[in-house]
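Participant: Input file: start-v3.csv. Contents: CSV, C-alpha atoms.
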chain,number,residue,atom,x,y,z
A,1,MET,CA,-0.5,-18.3,-7.7
A,2,SER,CA,-3.9,-16.6,-7.8
A,3,THR,CA,-5.1,-14.9,-4.6
A,4,THR,CA,-8.5,-13.7,-3.4
A,5,LEU,CA,-8.9,-10.4,-1.5
A,6,ALA,CA,-12.3,-9.9,0.0
A,7,GLY,CA,-14.0,-11.3,-3.1
A,8,ALA,CA,-11.6,-9.8,-5.6
A,9,THR,CA,-9.7,-12.6,-7.3
A,10,LEU,CA,-6.3,-11.7,-8.8
A,11,PRO,CA,-4.1,-13.8,-11.0
A,12,ASN,CA,-1.1,-13.4,-8.7
A,13,PRO,CA,-0.4,-11.7,-5.3
A,14,VAL,CA,2.2,-9.1,-6.4
A,15,MET,CA,1.3,-5.4,-6.7
A,16,THR,CA,3.2,-2.2,-7.0
A,17,ALA,CA,3.2,0.1,-3.9
A,18,SER,CA,1.4,3.4,-4.1
A,19,GLY,CA,3.6,6.4,-5.1
A,20,CYS,CA,6.5,4.3,-6.4
A,21,ALA,CA,5.5,3.8,-10.0
A,22,ALA,CA,3.4,6.9,-10.8
A,23,ASN,CA,0.2,5.8,-12.5
A,24,GLY,CA,1.7,3.1,-14.7
A,25,LYS,CA,3.0,4.6,-17.9
A,26,GLU,CA,6.6,4.8,-16.7
A,27,LEU,CA,6.6,1.2,-15.5
A,28,HIS,CA,4.9,-0.1,-18.6
A,29,ARG,CA,8.1,0.6,-20.5
A,30,PHE,CA,9.8,-2.3,-18.6
A,31,PHE,CA,7.0,-4.9,-18.5
A,32,PRO,CA,3.2,-5.0,-19.1
A,33,VAL,CA,1.4,-3.6,-16.1
A,34,SER,CA,-1.2,-6.3,-16.7
A,35,ASP,CA,1.3,-8.8,-15.5
A,36,LEU,CA,0.8,-7.6,-12.0
A,37,GLY,CA,-1.9,-9.0,-9.7
A,38,ALA,CA,-2.9,-5.3,-9.4
A,39,PHE,CA,-1.4,-1.9,-10.1
A,40,VAL,CA,-1.6,0.4,-7.2
A,41,THR,CA,-1.9,4.1,-8.2
A,42,LYS,CA,-0.2,7.1,-6.6
A,43,THR,CA,-2.5,8.5,-4.0
A,44,VAL,CA,-5.1,10.8,-5.6
A,45,MET,CA,-6.7,13.6,-3.8
A,46,ARG,CA,-9.6,15.9,-4.8
A,47,ASP,CA,-7.7,18.9,-6.1
A,48,PRO,CA,-4.4,19.2,-8.0
A,49,ARG,CA,-1.5,19.3,-5.4
A,50,SER,CA,2.1,20.5,-5.9
A,51,GLY,CA,3.4,18.7,-2.8
A,52,ARG,CA,6.1,19.8,-0.4
A,53,PRO,CA,9.1,22.0,-1.4
A,54,THR,CA,12.4,20.5,-2.7
A,55,PRO,CA,14.6,18.7,-1.8
A,56,ARG,CA,12.1,16.0,-1.2
A,57,MET,CA,14.2,12.8,-1.2
A,58,ALA,CA,17.2,11.7,0.8
A,59,GLU,CA,19.0,8.4,0.6
A,60,THR,CA,19.8,6.5,3.8
A,61,SER,CA,22.1,3.6,4.3
A,62,SER,CA,19.3,1.1,4.1
A,63,GLY,CA,16.5,2.9,2.3
A,64,MET,CA,15.3,6.4,1.5
A,65,LEU,CA,13.3,9.2,3.0
A,66,ASN,CA,10.7,11.1,0.9
A,67,SER,CA,8.6,14.1,1.6
A,68,ILE,CA,6.7,14.3,-1.7
A,69,GLY,CA,3.6,15.4,0.0
A,70,LEU,CA,1.0,13.6,-2.1
A,71,GLN,CA,1.7,15.6,-5.3
A,72,GLY,CA,-0.8,14.9,-8.0
A,73,PRO,CA,-3.2,16.1,-10.7
A,74,GLY,CA,-6.4,15.7,-8.7
A,75,ILE,CA,-9.2,13.1,-9.1
A,76,ASP,CA,-10.8,14.7,-12.2
A,77,ALA,CA,-7.6,14.6,-14.2
A,78,PHE,CA,-6.9,11.1,-12.9
A,79,CYS,CA,-10.3,9.8,-14.1
A,80,ALA,CA,-9.9,11.6,-17.5
A,81,GLN,CA,-6.3,10.4,-18.3
A,82,ASP,CA,-4.7,7.9,-16.0
A,83,LEU,CA,-7.5,5.4,-15.2
A,84,PRO,CA,-8.6,5.0,-18.8
A,85,TRP,CA,-5.0,4.4,-19.9
A,86,LEU,CA,-4.6,1.7,-17.2
A,87,ALA,CA,-7.9,0.1,-18.3
A,88,ALA,CA,-6.8,0.1,-21.9
A,89,GLN,CA,-3.7,-1.9,-20.9
A,90,GLY,CA,-5.8,-4.6,-19.2
A,91,ALA,CA,-4.5,-3.7,-15.7
A,92,ARG,CA,-6.4,-4.5,-12.6
A,93,VAL,CA,-6.2,-1.3,-10.5
A,94,LEU,CA,-6.2,-0.7,-6.8
A,95,VAL,CA,-6.8,3.1,-6.5
A,96,SER,CA,-5.1,4.9,-3.5
A,97,VAL,CA,-7.2,7.8,-2.3
A,98,ALA,CA,-6.8,10.5,0.3
A,99,GLY,CA,-8.5,13.6,1.6
A,100,ASN,CA,-7.8,16.6,3.8
A,101,THR,CA,-11.0,15.6,5.7
A,102,ALA,CA,-13.1,12.5,6.1
A,103,GLU,CA,-15.8,14.1,3.9
A,104,GLU,CA,-13.2,14.9,1.2
A,105,PHE,CA,-12.2,11.2,1.1
A,106,GLY,CA,-15.9,10.6,0.2
A,107,GLU,CA,-15.9,13.2,-2.5
A,108,VAL,CA,-12.8,11.7,-4.1
A,109,VAL,CA,-14.3,8.2,-4.1
A,110,GLN,CA,-17.7,9.5,-5.4
A,111,ARG,CA,-16.0,11.0,-8.5
A,112,LEU,CA,-13.8,7.9,-8.9
A,113,VAL,CA,-16.9,5.5,-9.0
A,114,ALA,CA,-18.5,7.8,-11.6
A,115,SER,CA,-15.5,7.4,-13.9
A,116,PRO,CA,-16.2,5.6,-17.3
A,117,ALA,CA,-13.1,3.5,-16.6
A,118,TRP,CA,-14.3,2.3,-13.2
A,119,SER,CA,-14.7,-1.3,-14.3
A,120,CYS,CA,-10.9,-1.9,-14.1
A,121,VAL,CA,-10.9,-1.0,-10.4
A,122,VAL,CA,-10.5,-4.1,-8.2
A,123,GLY,CA,-10.3,-2.2,-5.0
A,124,VAL,CA,-9.9,1.2,-3.2
A,125,GLU,CA,-7.0,1.8,-0.8
A,126,ALA,CA,-7.8,4.5,1.7
A,127,ASN,CA,-4.5,6.1,2.5
A,128,ILE,CA,-5.2,7.2,6.0
A,129,SER,CA,-1.5,7.1,7.1
A,130,CYS,CA,0.8,9.1,4.8
A,131,PRO,CA,3.4,10.9,7.0
A,132,ASN,CA,4.8,12.9,4.2
A,133,VAL,CA,2.5,15.9,4.5
A,134,ALA,CA,2.9,19.3,6.1
A,135,ASN,CA,-0.3,18.8,8.1
A,136,ARG,CA,0.3,15.7,10.3
A,137,GLY,CA,-3.5,15.9,11.0
A,138,LEU,CA,-3.9,14.0,7.7
A,139,VAL,CA,-2.5,10.9,9.5
A,140,PHE,CA,-6.0,9.7,10.4
A,141,ALA,CA,-4.6,6.2,11.2
A,142,CYS,CA,-3.0,7.5,14.4
A,143,ASP,CA,-6.5,7.7,16.0
A,144,PRO,CA,-9.1,4.9,16.0
A,145,ALA,CA,-12.1,7.4,15.9
A,146,SER,CA,-10.6,9.3,12.9
A,147,SER,CA,-9.8,6.1,11.1
A,148,GLU,CA,-13.4,4.8,11.6
A,149,ARG,CA,-14.9,8.0,10.3
A,150,VAL,CA,-12.9,7.9,7.0
A,151,VAL,CA,-13.5,4.2,6.4
A,152,GLN,CA,-17.3,4.6,7.1
A,153,ILE,CA,-17.6,7.3,4.5
A,154,VAL,CA,-15.4,5.5,1.9
A,155,ARG,CA,-17.3,2.2,2.4
A,156,THR,CA,-20.6,3.9,1.8
A,157,ARG,CA,-19.5,5.5,-1.5
A,158,VAL,CA,-17.8,2.3,-3.0
A,159,PRO,CA,-20.1,-0.4,-4.5
A,160,ASP,CA,-20.4,-3.4,-2.3
A,161,ASP,CA,-18.7,-5.7,-4.8
A,162,VAL,CA,-15.5,-3.7,-4.7
A,163,PRO,CA,-13.4,-4.1,-1.6
A,164,VAL,CA,-12.0,-1.2,0.5
A,165,PHE,CA,-8.6,-1.5,2.1
A,166,ALA,CA,-7.3,0.8,4.9
A,167,LYS,CA,-3.6,1.6,4.7
A,168,LEU,CA,-2.2,1.7,8.2
A,169,THR,CA,0.9,3.4,9.8
A,170,PRO,CA,3.3,1.6,12.1
A,171,ASP,CA,3.8,4.9,13.9
A,172,VAL,CA,1.3,4.0,16.6
A,173,THR,CA,1.5,2.4,20.0
A,174,ASP,CA,-1.0,-0.4,19.1
A,175,ILE,CA,-1.6,-1.2,15.5
A,176,VAL,CA,-4.0,-4.0,16.4
A,177,SER,CA,-6.4,-1.5,17.9
A,178,ILE,CA,-6.4,0.6,14.8
A,179,ALA,CA,-6.9,-2.5,12.6
A,180,ASP,CA,-9.8,-3.5,14.8
A,181,ALA,CA,-11.4,0.0,14.5
A,182,VAL,CA,-11.2,0.2,10.7
A,183,LEU,CA,-12.4,-3.4,10.1
A,184,ARG,CA,-15.4,-2.8,12.4
A,185,ALA,CA,-16.1,0.4,10.5
A,186,GLY,CA,-16.4,-1.5,7.2
A,187,ALA,CA,-13.0,-2.0,5.7
A,188,ASP,CA,-12.8,-5.2,3.8
A,189,GLY,CA,-9.0,-5.6,4.2
A,190,LEU,CA,-5.8,-3.9,5.4
A,191,THR,CA,-2.6,-2.7,3.8
A,192,MET,CA,0.4,-2.6,6.1
A,193,ILE,CA,2.6,-0.7,6.4
A,194,ASN,CA,3.0,2.9,5.2
A,195,THR,CA,6.4,4.6,5.6
A,196,LEU,CA,7.8,5.6,9.0
A,197,LEU,CA,8.3,9.2,9.9
A,198,GLY,CA,12.0,10.1,10.0
A,199,ILE,CA,14.6,12.9,9.6
A,200,VAL,CA,18.0,12.9,7.9
A,201,ILE,CA,20.6,15.6,9.0
A,202,ASP,CA,23.1,16.9,6.5
A,203,THR,CA,26.3,16.6,8.5
A,204,ASP,CA,28.2,19.2,6.4
A,205,LEU,CA,25.5,21.8,6.5
A,206,LEU,CA,24.2,20.7,9.9
A,207,ARG,CA,20.6,21.0,8.9
A,208,PRO,CA,17.8,18.6,7.7
A,209,GLN,CA,18.3,17.4,4.2
A,210,LEU,CA,14.6,17.6,3.3
A,211,ALA,CA,13.1,21.0,2.9
A,212,GLY,CA,10.0,19.7,4.7
A,213,VAL,CA,12.3,18.5,7.5
A,214,THR,CA,10.5,15.1,8.1
A,215,GLY,CA,9.8,12.4,5.5
A,216,GLY,CA,8.7,8.8,5.2
A,217,LEU,CA,11.3,6.1,5.6
A,218,SER,CA,11.0,3.2,3.2
A,219,GLY,CA,13.2,0.4,1.8
A,220,PRO,CA,14.9,-2.6,3.4
A,221,ALA,CA,15.2,-0.9,6.8
A,222,VAL,CA,11.4,-1.1,7.4
A,223,ARG,CA,10.8,-4.7,6.3
A,224,PRO,CA,11.1,-6.2,9.8
A,225,VAL,CA,8.6,-3.5,11.0
A,226,ALA,CA,6.2,-4.5,8.2
A,227,VAL,CA,6.5,-8.2,9.0
A,228,ARG,CA,5.9,-7.4,12.7
A,229,ALA,CA,2.8,-5.5,11.9
A,230,VAL,CA,1.4,-8.2,9.6
A,231,TRP,CA,2.2,-10.8,12.2
A,232,GLN,CA,0.6,-9.0,15.1
A,233,VAL,CA,-2.6,-8.2,13.3
A,234,THR,CA,-2.9,-11.7,11.8
A,235,ALA,CA,-2.3,-13.2,15.2
A,236,ALA,CA,-5.2,-11.2,16.6
A,237,MET,CA,-7.4,-12.3,13.7
A,238,ARG,CA,-6.5,-15.9,14.3
A,239,ALA,CA,-7.2,-15.5,18.1
A,240,GLY,CA,-10.6,-14.1,17.2
A,241,THR,CA,-10.0,-10.8,19.0
A,242,ILE,CA,-10.5,-8.7,15.8
A,243,PRO,CA,-12.5,-9.4,12.6
A,244,THR,CA,-10.8,-11.6,10.0
A,245,ALA,CA,-9.9,-9.9,6.8
A,246,PRO,CA,-7.2,-10.1,4.1
A,247,VAL,CA,-3.9,-8.3,4.6
A,248,ILE,CA,-1.7,-6.7,1.9
A,249,GLY,CA,1.9,-6.6,3.1
A,250,VAL,CA,4.2,-3.8,2.0
A,251,GLY,CA,7.6,-2.5,3.2
A,252,GLY,CA,11.1,-3.1,2.0
A,253,VAL,CA,10.4,-5.9,-0.5
A,254,ARG,CA,13.3,-6.4,-2.9
A,255,THR,CA,13.3,-10.1,-3.6
A,256,GLY,CA,10.9,-13.1,-3.6
A,257,ALA,CA,12.3,-14.1,-0.2
A,258,ASP,CA,11.4,-10.7,1.2
A,259,ALA,CA,7.9,-11.2,-0.1
A,260,LEU,CA,7.7,-14.7,1.3
A,261,GLU,CA,8.4,-13.3,4.8
A,262,LEU,CA,5.3,-11.1,4.6
A,263,VAL,CA,3.2,-13.9,3.2
A,264,ALA,CA,4.3,-16.4,5.9
A,265,ALA,CA,3.4,-13.8,8.5
A,266,GLY,CA,-0.1,-13.5,7.1
A,267,ALA,CA,-0.2,-11.3,3.9
A,268,SER,CA,-2.4,-12.6,1.1
A,269,ALA,CA,-0.7,-10.1,-1.4
A,270,VAL,CA,2.5,-8.1,-1.4
A,271,GLN,CA,3.4,-4.7,-2.8
A,272,VAL,CA,6.8,-3.7,-4.2
A,273,GLY,CA,7.7,-0.1,-3.8
A,274,THR,CA,11.1,1.5,-3.2
A,275,ALA,CA,13.0,-1.3,-5.1
A,276,THR,CA,11.4,-0.1,-8.3
A,277,PHE,CA,13.5,3.1,-8.2
A,278,ASN,CA,16.8,1.3,-8.9
A,279,ASP,CA,15.2,-1.8,-10.6
A,280,PRO,CA,12.0,-0.9,-12.5
A,281,SER,CA,11.5,-4.6,-13.2
A,282,ALA,CA,11.5,-5.5,-9.5
A,283,PRO,CA,7.7,-6.2,-9.2
A,284,ARG,CA,7.8,-8.7,-12.1
A,285,ARG,CA,11.0,-10.3,-10.9
A,286,VAL,CA,9.7,-10.6,-7.3
A,287,LEU,CA,6.7,-12.4,-8.7
A,288,THR,CA,8.9,-15.0,-10.5
A,289,GLU,CA,11.1,-15.4,-7.4
A,290,LEU,CA,8.1,-15.8,-5.1
A,291,GLU,CA,6.6,-18.5,-7.3
A,292,GLU,CA,9.9,-20.4,-7.1
A,293,HIS,CA,9.9,-20.1,-3.3
A,294,VAL,CA,6.4,-21.4,-3.0
A,295,ALA,CA,7.1,-24.3,-5.2
A,296,ARG,CA,10.4,-25.1,-3.4
A,297,HIS,CA,8.4,-25.4,-0.1
A,298,GLY,CA,6.1,-27.9,-1.8
A,299,PHE,CA,2.9,-25.8,-1.8
A,300,THR,CA,0.6,-26.2,-4.8
A,301,ARG,CA,-1.8,-23.5,-3.7
A,302,PHE,CA,-0.7,-20.0,-2.7
A,303,ALA,CA,-3.4,-19.7,-0.1
A,304,ASP,CA,-1.9,-22.6,1.9
A,305,ILE,CA,1.3,-20.7,2.6
A,306,VAL,CA,-0.4,-17.5,3.7
A,307,GLY,CA,0.2,-17.2,7.5
A,308,VAL,CA,2.0,-20.6,7.7
A,309,ALA,CA,4.6,-19.2,10.1
A,310,HIS,CA,1.9,-18.9,12.8
A,311,GLU,CA,1.1,-22.6,12.4
A,312,ARG,CA,4.7,-23.6,12.6
A,313,MET,CA,5.3,-21.4,15.6
A,314,ALA,CA,2.4,-23.2,17.4
A,315,ARG,CA,4.2,-26.6,16.9
A,316,LEU,CA,7.3,-25.5,18.8
Would you mind writing the file out in structure tokens?

Facilitator:
Amino acid sequence: MSTTLAGATLPNPVMTASGCAANGKELHRFFPVSDLGAFVTKTVMRDPRSGRPTPRMAETSSGMLNSIGLQGPGIDAFCAQDLPWLAAQGARVLVSVAGNTAEEFGEVVQRLVASPAWSCVVGVEANISCPNVANRGLVFACDPASSERVVQIVRTRVPDDVPVFAKLTPDVTDIVSIADAVLRAGADGLTMINTLLGIVIDTDLLRPQLAGVTGGLSGPAVRPVAVRAVWQVTAAMRAGTIPTAPVIGVGGVRTGADALELVAAGASAVQVGTATFNDPSAPRRVLTELEEHVARHGFTRFADIVGVAHERMARL
């Protein structure tokens, strides 16, 4: 079940999703984080950040809305405490980074690369698409030019042998054009999708439940959107209209069958996020279930089932 993502070989294709398992210590109480193909960190920014006001989470009938607002200790504290701890556990780490400006992305990455624990980093995920911030201008991924600028800067600050993934939002008219822009700017792969912008109204108080009004929708409700995004971008790659690169699928994965949907659509790895809130063992369980599904379909190599739905569609 090993998978290779732009030169980075992982023992299996299942990861956590950024922001859903902090920076590993909480999840490590339930299973070794080294069991994962990679542990994806909470998005880290340059400075300590308190996030948006409370309440910041609201349950929906098929998922949840959050408006955490990229709360975190900042890159220096992350490099001093969290990354060394992950390295000591033998984890392979995909570090999620963000900035208020394209140049700030570069500053965060520069400090990350200088960390003594850098050797455990198997990739950098540029979060250019988080909707849970007060300043919607942080959603660089809504504009191809802004996306290109961030990726160009991040790519120049990360060593060539470590891949850079751009995390895209589905809240755009044409996600293929954004994927094309970031890949041509130097991204080695894509992560799709981030949460979708939404609002929940408290029907007793008749006002938004979240103090920040809007938040990011995640959970089972968004999985068909994630599968659609992975399918569309993979189809464009197979048609030769955009550069070919590995895709990490994320959005509403609770079971191995959910993960298999994303893989069959074209994802070479899968992230498990919201499901960990009610089942912290979900990432490990999803890996076992995905292995069973791959074997049930008669595949001996994980790579052979990636994007298989496109091939079977062509036979119809």

Participant: Which residues come within 7 Å of Gly273 of chain A, counting only C-alpha atoms, excluding same-chain residues fewer than 5 positions away, as a VMD selection string?

Facilitator: chain A and resid 16 to 17 20

Participant: Please list as a PyMOL selection string every residue within 10 Å of segment 74-79 of chain A, counting all atoms listed in the file and excluding residues in the same chain fewer than 4 positions away.

Facilitator: chain A and resi 23+41+43-49+83-85+97+107-118

Participant: When you count all atoms listed in the file, which of these residues is closest to Ile128 of chain A: A:Leu94, A:Val308, A:Val294, A:Val182?

Facilitator: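 Closest candidate: A:Val182.
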
Participant: What's the separation between atom CA of Pro13 of chain A and atom CA of Phe277 of chain A, in Å to one decimal place?

Facilitator: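 About the pair atom CA of Pro13 of chain A and atom CA of Phe277 of chain A: they are 20.5 Å apart.
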
Participant: Between A:Gly189, A:Gly123, A:Gly256, A:Gly24, which residue has the minimum interatomic distance to Pro159 of chain A, considering all atoms listed in the file?

Facilitator: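 Distance minimum relative to Pro159 of chain A lands on A:Gly123.
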
Participant: Could you check which of A:Ala211, A:Ala264, A:Val164, A:Val270 is closest to Val124 of chain A, using only C-alpha atoms?

Facilitator: A:Val164

Participant: Smallest atom-to-atom distance to Leu70 of chain A: which of A:Gly215, A:Pro224, A:Pro208, A:Pro11, using only C-alpha atoms?

Facilitator: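 Among the listed residues, A:Gly215 lies closest to Leu70 of chain A.
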
Participant: Please determine, counting only C-alpha atoms, which residue among A:Pro280, A:Pro55, A:Ala269, A:Glu289 has the shortest atom-to-atom distance to Glu26 of chain A.

Facilitator: A:Pro280

Participant: Quick one: residues within 12 Å of Glu311 of chain A, only C-alpha atoms, excluding same-chain residues fewer than 5 positions away - as a PyMOL selection string?

Facilitator: chain A and resi 231+234-235+238+264-266+304-306+316

Participant: Extract, using all atoms listed in the file, all DNA, RNA and protein residues at most 9 Å from Thr156 of chain A, discarding same-chain residues fewer than 4 positions from it, and format them as a list in words.

Facilitator: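 What passes the distance filter is Gly106, Val151, Gln152, Asp160 and Gly186 of chain A.
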
Participant: Put those residues in a file: C-alpha atoms, as a PDB file, keeping the file's coordinate frame.

Facilitator:
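Produced file result.pdb, reproduced below:
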ATOM      1  CA  GLY A 106     -15.900  10.600   0.200  1.00  0.00           C
ATOM      2  CA  VAL A 151     -13.500   4.200   6.400  1.00  0.00           C
ATOM      3  CA  GLN A 152     -17.300   4.600   7.100  1.00  0.00           C
ATOM      4  CA  ASP A 160     -20.400  -3.400  -2.300  1.00  0.00           C
ATOM      5  CA  GLY A 186     -16.400  -1.500   7.200  1.00  0.00           C
TER       6      GLY A 186
END

Participant: Measuring atom to atom with all atoms listed in the file, identify which of A:Ala239, A:Gly198, A:Pro283, A:Glu291 is nearest to Ala58 of chain A.

Facilitator: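 For Ala58 of chain A, the nearest of the candidates is A:Gly198.
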
Participant: List the neighbours of Gln271 of chain A out to 8 Å using all atoms listed in the file; skip same-chain residues closer than 5 positions along the sequence, and give me the result as a list in words.

Facilitator: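 That gives Val14, Met15, Thr16, Ala17, Ile248, Gly249, Val250, Gly251, Val253 and Pro283 of chain A.
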
Participant: So how far away is atom CA of Gly99 of chain A from atom CA of Val122 of chain A, in Å?

Facilitator: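 Computing the Euclidean distance for atom CA of Val122 of chain A and atom CA of Gly99 of chain A yields 20.3 Å.
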